[in-house]
$ cat run.csv   # CSV, C-alpha atoms
chain,number,residue,atom,x,y,z
A,1,MET,CA,-16.6,-10.9,21.6
A,2,GLY,CA,-13.1,-12.0,20.6
A,3,LYS,CA,-11.3,-15.2,21.6
A,4,VAL,CA,-9.4,-15.0,24.8
A,5,ALA,CA,-5.7,-15.8,24.7
A,6,LEU,CA,-4.7,-15.3,28.3
A,7,LEU,CA,-6.2,-14.5,31.7
A,8,THR,CA,-3.9,-12.5,33.9
A,9,ASP,CA,-4.9,-11.0,37.3
A,10,GLY,CA,-8.6,-11.1,36.3
A,11,GLN,CA,-7.9,-9.3,33.0
A,12,PHE,CA,-8.7,-10.9,29.7
A,13,ILE,CA,-6.1,-10.6,26.9
A,14,TYR,CA,-7.6,-11.4,23.5
A,15,TRP,CA,-5.8,-12.8,20.5
A,16,ARG,CA,-6.9,-9.8,18.5
A,17,SER,CA,-5.0,-7.5,20.8
A,18,ILE,CA,-1.9,-9.7,20.7
A,19,ILE,CA,-1.8,-10.0,16.9
A,20,TRP,CA,-2.4,-6.2,16.4
A,21,ALA,CA,0.3,-5.4,18.9
A,22,PHE,CA,2.8,-7.7,17.1
A,23,ALA,CA,1.8,-6.3,13.8
A,24,ALA,CA,2.3,-2.7,15.0
A,25,LEU,CA,5.8,-3.6,16.4
A,26,ALA,CA,6.7,-5.3,13.1
A,27,ALA,CA,5.6,-2.3,11.1
A,28,LEU,CA,7.7,0.1,13.4
A,29,LEU,CA,10.8,-2.1,13.0
A,30,MET,CA,10.3,-2.3,9.3
A,31,ALA,CA,10.1,1.5,9.0
A,32,VAL,CA,13.3,1.9,11.0
A,33,ALA,CA,15.1,-0.7,8.8
A,34,LEU,CA,13.9,1.0,5.6
A,35,ARG,CA,15.1,4.4,6.9
A,36,LEU,CA,18.5,2.9,7.6
A,37,TRP,CA,18.6,1.5,4.1
A,38,GLN,CA,17.9,5.0,2.8
A,39,LYS,CA,21.0,6.2,4.7
A,40,LYS,CA,18.9,9.2,5.9
A,41,PRO,CA,18.9,10.6,9.4
A,42,LEU,CA,17.1,8.3,11.7
A,43,PRO,CA,16.2,10.6,14.6
A,44,PRO,CA,13.2,12.3,12.8
A,45,LEU,CA,11.6,8.9,12.4
A,46,LEU,CA,12.4,7.8,15.9
A,47,ILE,CA,10.9,11.0,17.3
A,48,ALA,CA,7.8,10.6,15.1
A,49,LEU,CA,7.0,7.0,16.0
A,50,PRO,CA,5.9,7.5,19.6
A,51,PHE,CA,3.6,10.3,18.4
A,52,ALA,CA,2.3,8.1,15.6
A,53,VAL,CA,1.4,5.3,18.1
A,54,VAL,CA,-0.5,7.6,20.5
A,55,LEU,CA,-2.2,9.7,17.7
A,56,SER,CA,-3.1,6.5,15.8
A,57,VAL,CA,-4.9,5.0,18.8
A,58,TYR,CA,-7.0,8.1,19.5
A,59,CYS,CA,-7.7,9.0,15.9
A,60,ALA,CA,-8.8,5.5,15.2
A,61,ARG,CA,-11.1,5.5,18.2
A,62,LEU,CA,-12.4,9.0,17.4
A,63,ILE,CA,-13.4,8.0,13.9
A,64,HIS,CA,-15.0,4.8,15.1
A,65,TRP,CA,-17.0,6.8,17.8
A,66,TYR,CA,-18.2,9.3,15.1
A,67,CYS,CA,-19.4,6.5,12.9
A,68,ARG,CA,-20.7,4.2,15.7
A,69,PHE,CA,-21.6,6.7,18.4
A,70,GLU,CA,-24.5,4.5,19.6
A,71,SER,CA,-21.9,2.0,20.8
A,72,TYR,CA,-20.5,4.3,23.4
A,73,ALA,CA,-22.0,6.1,26.4
A,74,SER,CA,-20.3,9.3,25.4
A,75,LEU,CA,-17.3,10.7,23.6
A,76,SER,CA,-15.4,10.9,26.9
A,77,ALA,CA,-16.1,7.2,27.6
A,78,ALA,CA,-14.9,6.3,24.1
A,79,LEU,CA,-11.6,8.1,24.6
A,80,THR,CA,-10.9,6.9,28.1
A,81,ASP,CA,-12.0,3.3,28.1
A,82,LEU,CA,-9.9,2.0,25.3
A,83,GLY,CA,-10.3,-1.7,26.2
A,84,GLY,CA,-13.7,-2.1,24.5
A,85,GLY,CA,-15.3,-0.7,21.4
A,86,GLY,CA,-13.7,-0.6,18.1
A,87,TYR,CA,-11.1,1.3,16.0
A,88,SER,CA,-10.9,2.5,12.4
A,89,LEU,CA,-7.8,1.8,10.4
A,90,ILE,CA,-8.3,5.1,8.6
A,91,GLY,CA,-7.5,6.7,12.0
A,92,VAL,CA,-4.1,4.9,12.1
A,93,PHE,CA,-3.2,6.5,8.8
A,94,ALA,CA,-4.3,9.9,10.0
A,95,GLY,CA,-2.4,9.5,13.2
A,96,THR,CA,0.8,8.5,11.4
A,97,LEU,CA,0.6,11.3,8.9
A,98,LEU,CA,0.0,13.8,11.8
A,99,ALA,CA,3.0,12.5,13.6
A,100,LEU,CA,5.2,12.9,10.5
A,101,LEU,CA,3.8,16.4,9.9
A,102,ILE,CA,4.6,17.4,13.5
A,103,VAL,CA,8.2,16.4,13.0
A,104,ARG,CA,8.3,18.4,9.8
A,105,LEU,CA,6.6,21.5,11.5
A,106,LEU,CA,9.2,21.3,14.3
A,107,LYS,CA,11.8,21.5,11.5
A,108,LEU,CA,13.4,18.3,12.6
A,109,THR,CA,13.5,17.2,9.0
A,110,ASP,CA,13.1,18.8,5.6
A,111,GLU,CA,12.5,15.5,3.9
A,112,LEU,CA,9.0,14.5,4.6
A,113,PRO,CA,8.5,12.7,1.3
A,114,SER,CA,11.5,10.3,2.1
A,115,LEU,CA,10.0,9.6,5.5
A,116,LEU,CA,6.7,8.7,3.9
A,117,ASP,CA,8.6,6.4,1.5
A,118,ALA,CA,10.0,4.5,4.4
A,119,VAL,CA,6.7,4.3,6.3
A,120,ALA,CA,4.5,3.2,3.4
A,121,PRO,CA,5.8,-0.3,2.8
A,122,ALA,CA,6.1,-0.8,6.6
A,123,GLY,CA,2.4,0.2,6.9
A,124,ALA,CA,1.4,-2.3,4.3
A,125,PHE,CA,3.4,-5.0,6.1
A,126,GLY,CA,1.7,-4.2,9.4
A,127,ILE,CA,-1.7,-4.3,7.9
A,128,ALA,CA,-1.0,-7.7,6.2
A,129,LEU,CA,-0.2,-9.1,9.6
A,130,GLY,CA,-2.8,-7.3,11.6
A,131,ARG,CA,-5.8,-8.2,9.5
A,132,TRP,CA,-5.5,-11.8,10.6
A,133,ALA,CA,-6.5,-10.7,14.1
A,134,GLU,CA,-10.1,-10.3,12.9
A,135,LEU,CA,-10.4,-14.0,12.3
A,136,PHE,CA,-10.5,-14.4,16.1
A,137,THR,CA,-13.6,-12.3,16.3
A,138,ALA,CA,-17.2,-12.6,15.0
A,139,ALA,CA,-17.2,-9.2,13.5
A,140,ASP,CA,-16.3,-7.7,10.1
A,141,ARG,CA,-17.2,-10.6,7.9
A,142,GLY,CA,-18.4,-10.1,4.4
A,143,LYS,CA,-21.9,-9.7,3.1
A,144,MET,CA,-21.6,-12.7,0.8
A,145,ILE,CA,-22.9,-16.0,2.3
A,146,PHE,CA,-21.5,-19.2,0.6
A,147,ALA,CA,-23.8,-22.2,0.4
A,148,ASP,CA,-21.2,-24.3,-1.5
A,149,GLU,CA,-19.4,-26.4,1.1
A,150,ALA,CA,-16.3,-26.5,-1.1
A,151,LEU,CA,-15.9,-22.8,-0.2
A,152,HIS,CA,-16.4,-23.3,3.6
A,153,ALA,CA,-12.7,-22.7,4.4
A,154,LEU,CA,-10.1,-20.0,4.4
A,155,PRO,CA,-9.3,-18.0,2.4
A,156,TRP,CA,-12.8,-17.9,0.9
A,157,SER,CA,-15.0,-17.8,4.0
A,158,THR,CA,-15.1,-18.1,7.8
A,159,ALA,CA,-17.9,-19.4,10.0
A,160,VAL,CA,-20.0,-16.8,11.9
A,161,THR,CA,-23.0,-17.6,14.2
A,162,ASN,CA,-25.8,-15.2,13.5
A,163,ALA,CA,-28.3,-13.7,15.9
A,164,ALA,CA,-30.6,-16.7,15.4
A,165,GLY,CA,-27.8,-19.1,16.5
A,166,VAL,CA,-27.3,-20.4,12.9
A,167,GLU,CA,-23.8,-20.8,11.6
A,168,GLU,CA,-23.1,-18.9,8.3
A,169,TRP,CA,-20.1,-19.1,6.1
A,170,ARG,CA,-19.4,-15.6,5.1
A,171,PHE,CA,-16.8,-14.1,2.8
A,172,ALA,CA,-13.5,-13.7,4.6
A,173,THR,CA,-13.1,-10.0,3.8
A,174,PHE,CA,-10.1,-9.4,6.1
A,175,ALA,CA,-8.2,-12.4,4.8
A,176,PHE,CA,-8.4,-10.9,1.3
A,177,GLN,CA,-7.4,-7.5,2.7
A,178,SER,CA,-4.4,-9.2,4.3
A,179,PHE,CA,-3.4,-10.8,1.0
A,180,TRP,CA,-3.8,-7.5,-0.8
A,181,ALA,CA,-1.8,-5.6,1.8
A,182,ALA,CA,0.9,-8.2,1.5
A,183,ALA,CA,0.9,-7.7,-2.3
A,184,VAL,CA,1.1,-3.9,-1.9
A,185,PHE,CA,4.0,-4.5,0.6
A,186,VAL,CA,6.0,-6.6,-1.9
A,187,VAL,CA,5.4,-4.1,-4.8
A,188,THR,CA,6.3,-1.0,-2.8
A,189,LEU,CA,9.3,-2.7,-1.1
A,190,LEU,CA,10.7,-3.7,-4.5
A,191,VAL,CA,10.3,-0.2,-5.8
A,192,PHE,CA,11.9,1.1,-2.7
A,193,LEU,CA,14.9,-1.3,-2.8
A,194,ILE,CA,15.7,-1.7,-6.5
A,195,PRO,CA,19.2,-0.4,-7.2
A,196,SER,CA,18.1,2.4,-9.5
A,197,ARG,CA,15.7,3.8,-6.8
A,198,ARG,CA,18.2,6.0,-5.0
A,199,GLN,CA,19.6,7.4,-8.3
A,200,GLU,CA,16.1,8.2,-9.7
A,201,GLN,CA,15.0,9.7,-6.4
A,202,LYS,CA,17.8,12.3,-6.5
A,203,LYS,CA,17.0,13.2,-10.1
A,204,SER,CA,13.2,13.5,-9.7
A,205,TRP,CA,10.8,15.0,-7.3
A,206,ARG,CA,12.7,14.5,-4.0
A,207,GLY,CA,11.0,11.3,-3.1
A,208,GLY,CA,7.4,10.4,-2.2
A,209,GLY,CA,7.0,8.0,-5.1
A,210,VAL,CA,6.8,4.9,-3.0
A,211,PHE,CA,4.2,6.5,-0.8
A,212,TYR,CA,2.1,7.7,-3.7
A,213,LEU,CA,2.3,4.2,-5.2
A,214,PHE,CA,1.1,2.8,-1.8
A,215,VAL,CA,-1.9,5.2,-1.9
A,216,LEU,CA,-2.9,4.0,-5.4
A,217,LEU,CA,-2.5,0.3,-4.8
A,218,TYR,CA,-3.9,0.1,-1.3
A,219,GLY,CA,-6.7,2.5,-2.3
A,220,ILE,CA,-8.1,0.4,-5.2
A,221,GLY,CA,-8.0,-2.7,-3.0
A,222,GLN,CA,-9.9,-1.1,-0.2
A,223,ILE,CA,-12.5,0.5,-2.3
A,224,LEU,CA,-13.4,-3.0,-3.6
A,225,LEU,CA,-13.0,-5.0,-0.4
A,226,ASP,CA,-14.6,-2.5,1.9
A,227,SER,CA,-17.7,-2.8,-0.2
A,228,THR,CA,-17.9,-6.5,0.7
A,229,ARG,CA,-18.2,-5.8,4.5
A,230,TYR,CA,-21.6,-5.8,6.1
A,231,ASP,CA,-20.4,-3.5,8.9
A,232,ALA,CA,-18.4,-0.9,7.0
A,233,LEU,CA,-18.2,2.5,8.6
A,234,PHE,CA,-20.3,5.3,7.2
A,235,LEU,CA,-20.5,9.1,7.7
A,236,ARG,CA,-23.6,10.0,9.7
A,237,SER,CA,-24.8,12.0,6.7
A,238,ASN,CA,-24.1,9.2,4.2
A,239,GLY,CA,-25.2,5.6,4.1
A,240,PHE,CA,-24.3,4.8,0.6
A,241,VAL,CA,-20.5,5.0,0.3
A,242,SER,CA,-18.4,3.9,3.2
A,243,LEU,CA,-15.9,6.2,4.9
A,244,VAL,CA,-13.0,4.0,3.8
A,245,GLN,CA,-14.2,4.2,0.2
A,246,ILE,CA,-14.5,8.0,0.4
A,247,VAL,CA,-11.0,8.4,1.8
A,248,CYS,CA,-9.4,6.0,-0.7
A,249,ALA,CA,-11.2,7.7,-3.6
A,250,VAL,CA,-9.9,11.1,-2.4
A,251,GLY,CA,-6.4,9.6,-2.2
A,252,LEU,CA,-6.6,8.2,-5.7
A,253,ALA,CA,-7.8,11.5,-7.1
A,254,ALA,CA,-5.1,13.5,-5.2
A,255,VAL,CA,-2.3,11.3,-6.5
A,256,THR,CA,-3.7,11.4,-10.1
A,257,ALA,CA,-3.9,15.2,-9.8
A,258,LEU,CA,-0.3,15.4,-8.6
A,259,TYR,CA,1.0,13.3,-11.4
A,260,SER,CA,-1.1,15.3,-13.9
A,261,VAL,CA,0.5,18.5,-12.7
A,262,ARG,CA,3.9,17.0,-13.0
A,263,SER,CA,3.2,15.6,-16.5
A,264,ILE,CA,2.0,19.1,-17.7
A,265,LYS,CA,5.2,20.6,-16.2
A,266,VAL,CA,7.4,18.1,-18.0
A,267,HIS,CA,5.5,17.7,-21.3
A,268,GLY,CA,3.3,20.7,-21.5
A,269,PHE,CA,-0.5,20.5,-21.7
A,270,HIS,CA,-1.6,18.2,-24.5
A,271,TRP,CA,-4.9,16.7,-25.8
A,272,TYR,CA,-4.1,13.3,-24.3
A,273,HIS,CA,-4.3,14.7,-20.8
A,274,TRP,CA,-8.0,15.2,-21.4
A,275,VAL,CA,-8.3,11.6,-22.7
A,276,LEU,CA,-6.5,10.3,-19.6
A,277,TRP,CA,-8.8,12.3,-17.3
A,278,VAL,CA,-11.9,11.0,-19.1
A,279,VAL,CA,-10.6,7.4,-18.8
A,280,ALA,CA,-10.0,8.0,-15.0
A,281,VAL,CA,-13.6,9.4,-14.5
A,282,LEU,CA,-15.0,6.5,-16.6
A,283,GLY,CA,-13.2,4.0,-14.4
A,284,LEU,CA,-14.5,5.5,-11.2
A,285,GLY,CA,-17.9,5.9,-12.7
A,286,ILE,CA,-18.1,2.1,-13.3
A,287,VAL,CA,-17.1,1.6,-9.7
A,288,GLY,CA,-19.8,3.9,-8.4
A,289,VAL,CA,-22.5,2.3,-10.6
A,290,MET,CA,-21.5,-1.2,-9.4
A,291,GLU,CA,-21.5,-0.1,-5.8
A,292,TRP,CA,-25.1,1.1,-6.3
A,293,PHE,CA,-25.9,-2.1,-8.1
A,294,VAL,CA,-24.5,-4.5,-5.6
A,295,GLN,CA,-26.3,-2.8,-2.7
A,296,ARG,CA,-29.6,-3.4,-4.5
A,297,HIS,CA,-28.8,-6.8,-6.0
A,298,GLY,CA,-26.7,-8.6,-3.4
A,299,ASP,CA,-27.1,-11.9,-5.2
A,300,GLU,CA,-25.3,-10.5,-8.2
A,301,TYR,CA,-22.0,-9.9,-6.4
A,302,VAL,CA,-19.9,-11.8,-8.8
A,303,LEU,CA,-20.9,-9.6,-11.7
A,304,ALA,CA,-20.9,-6.4,-9.6
A,305,TYR,CA,-17.5,-6.9,-8.0
A,306,GLY,CA,-16.0,-8.2,-11.3
A,307,LEU,CA,-17.0,-5.0,-13.1
A,308,MET,CA,-15.9,-2.9,-10.1
A,309,LEU,CA,-12.5,-4.5,-10.4
A,310,VAL,CA,-12.4,-3.7,-14.1
A,311,GLY,CA,-13.3,-0.1,-13.4
A,312,LEU,CA,-10.6,0.3,-10.7
A,313,LEU,CA,-8.0,-1.2,-13.0
A,314,ILE,CA,-9.0,1.2,-15.8
A,315,PHE,CA,-8.6,4.1,-13.4
A,316,LEU,CA,-5.2,2.8,-12.1
A,317,CYS,CA,-3.7,2.8,-15.6
A,318,VAL,CA,-4.0,6.6,-15.7
A,319,PRO,CA,-1.8,7.7,-12.7
A,320,LEU,CA,0.6,4.8,-13.4
A,321,TRP,CA,1.1,6.0,-17.0
A,322,LEU,CA,1.6,9.6,-15.8
A,323,ARG,CA,4.0,8.5,-13.2
A,324,LYS,CA,6.1,6.4,-15.6
A,325,SER,CA,6.2,9.1,-18.3
A,326,THR,CA,7.4,11.9,-15.9
A,327,ARG,CA,10.0,9.7,-14.1
A,328,THR,CA,11.4,8.5,-17.4
A,329,VAL,CA,11.8,12.0,-18.8
A,330,LEU,CA,13.4,13.3,-15.6
A,331,VAL,CA,16.0,10.5,-15.5
A,332,VAL,CA,16.9,10.9,-19.2
A,333,ASN,CA,17.2,14.6,-18.9
A,334,SER,CA,19.3,14.3,-15.8
A,335,SER,CA,21.7,11.9,-17.5
A,336,GLU,CA,22.2,14.4,-20.3
A,337,ARG,CA,23.5,17.1,-17.9
A,338,PRO,CA,27.3,17.6,-17.7

$ encode --input "run.csv" --output "structure tokens"
Amino acid sequence: MGKVALLTDGQFIYWRSIIWAFAALAALLMAVALRLWQKKPLPPLLIALPFAVVLSVYCARLIHWYCRFESYASLSAALTDLGGGGYSLIGVFAGTLLALLIVRLLKLTDELPSLLDAVAPAGAFGIALGRWAELFTAADRGKMIFADEALHALPWSTAVTNAAGVEEWRFATFAFQSFWAAAVFVVTLLVFLIPSRRQEQKKSWRGGGVFYLFVLLYGIGQILLDSTRYDALFLRSNGFVSLVQIVCAVGLAAVTALYSVRSIKVHGFHWYHWVLWVVAVLGLGIVGVMEWFVQRHGDEYVLAYGLMLVGLLIFLCVPLWLRKSTRTVLVVNSSERP
């Protein structure tokens, strides 16, 4: 149960709801501001945003129902009584992407990548704010319990009363997710706003670079941090890797594949592409092994998560290198044209 902020006409309003509503509004305003900075048509984004809000709510609830169906009387109850239960952040991403795709299918814009570029930093901004809402609930704390009293404070841990009535200081997973989302926001915003950004965008692949960077950076953070949660969402047929980790891994692989194709188009196919792909697989392999290890040796989380971070950083080097090499060549070639 969350902490109550207000009681109005017999209705409880929780701090969690207030913070998430504020975060969503901040993200929407940020997306509009970035779209204006792009000097691109604003109506497509304004039309997409209401769809994004509605679809995000229902997609987030639908995914949570699928993973935690035992928490609801029925699917109908889950989709009609939105006051209780839970939501999945993956559903928010799905709802937003669907809304933008609807705008594109309606032919209200032919620049879906530039819309994604404006939405990506705004999404990271909203997540950075919204994750603090979970500190007003007793859910979604980390697996790791800290005995050292020096760590009994934010950002390291938060107090949770377990089923036996004993207070435990557990790793503050959502605090670190907020910090990571804030870092992703800063990086993607800088890439979006730097003076050369508009020039390079016109000369390269018609945008999307900021969004792909968001997928890479946010994905590696979530793969690691979602592993620390004791209540992560899993597919019904899979209890080993969480749904968030699966989606993020697919996103990382998709962006790497995209940049690989672009690299081959620009440079031709070379032996070093095989080397890069082997390095990427090696990095993800380390992550998979450490996920298996930490689930069986929970007391070795420092070693496990340290090596998992190393594996993710090894993987990240591959798409970032491919991205930089293709963008550099495109800009140089464009500057040579009369």

$ closest_residue --input "run.csv" --among "A:Ala150, A:Leu129, A:Leu101, A:Leu55" --to "Ile18 in chain A" --atoms "all atoms listed in the file"
A:Leu129

$ atom_distance --input "run.csv" --atom1 "CA of Ala257 in chain A" --atom2 "CA of Gln295 in chain A"
29.6 Å

$ closest_residue --input "run.csv" --among "A:Ala175, A:Leu46, A:Cys317, A:Ile102" --to "Trp132 in chain A" --atoms "only C-alpha atoms"
A:Ala175

$ closest_atom_pairs --input "run.csv" --of "range 166-232 of chain A" --to "range 243-248 of chain A" --cutoff "7 Å" --atoms "all atoms listed in the file" --output "tab-separated table"
residue	atom	partner	partner_atom	distance
A:Gly219	CA	A:Cys248	CA	4.7
A:Gln222	CA	A:Gln245	CA	6.8
A:Ile223	CA	A:Gln245	CA	4.8
A:Asp226	CA	A:Gln245	CA	6.9

$ atom_distance --input "run.csv" --atom1 "CA of Ala183 in chain A" --atom2 "CA of Arg131 in chain A"
13.6 Å

$ closest_residue --input "run.csv" --among "A:Val278, A:Ser263, A:Leu89, A:Trp292" --to "Trp20 in chain A" --atoms "all atoms listed in the file"
A:Leu89

$ atom_distance --input "run.csv" --atom1 "CA of Leu135 in chain A" --atom2 "CA of Leu235 in chain A"
25.6 Å

$ residues_near_point --input "run.csv" --point "(-13.0, -9.2, -8.1)" --cutoff "12 Å" --atoms "all atoms listed in the file" --output "list in words"
Thr173, Phe176, Trp180, Ile220, Gly221, Gln222, Ile223, Leu224, Leu225, Ser227, Thr228, Val287, Met290, Tyr301, Val302, Leu303, Ala304, Tyr305, Gly306, Leu307, Met308, Leu309, Val310, Gly311, Leu312 and Leu313 of chain A

$ closest_residue --input "run.csv" --among "A:Glu167, A:Glu70, A:Asp110, A:Asp81" --to "Tyr58 in chain A" --atoms "all atoms listed in the file"
A:Asp81

$ closest_residue --input "run.csv" --among "A:Leu97, A:Leu217, A:Ile63, A:Ala122" --to "Arg35 in chain A" --atoms "only C-alpha atoms"
A:Ala122

$ closest_residue --input "run.csv" --among "A:Leu116, A:Ala77, A:Trp65, A:Gly95" --to "Val32 in chain A" --atoms "only C-alpha atoms"
A:Leu116
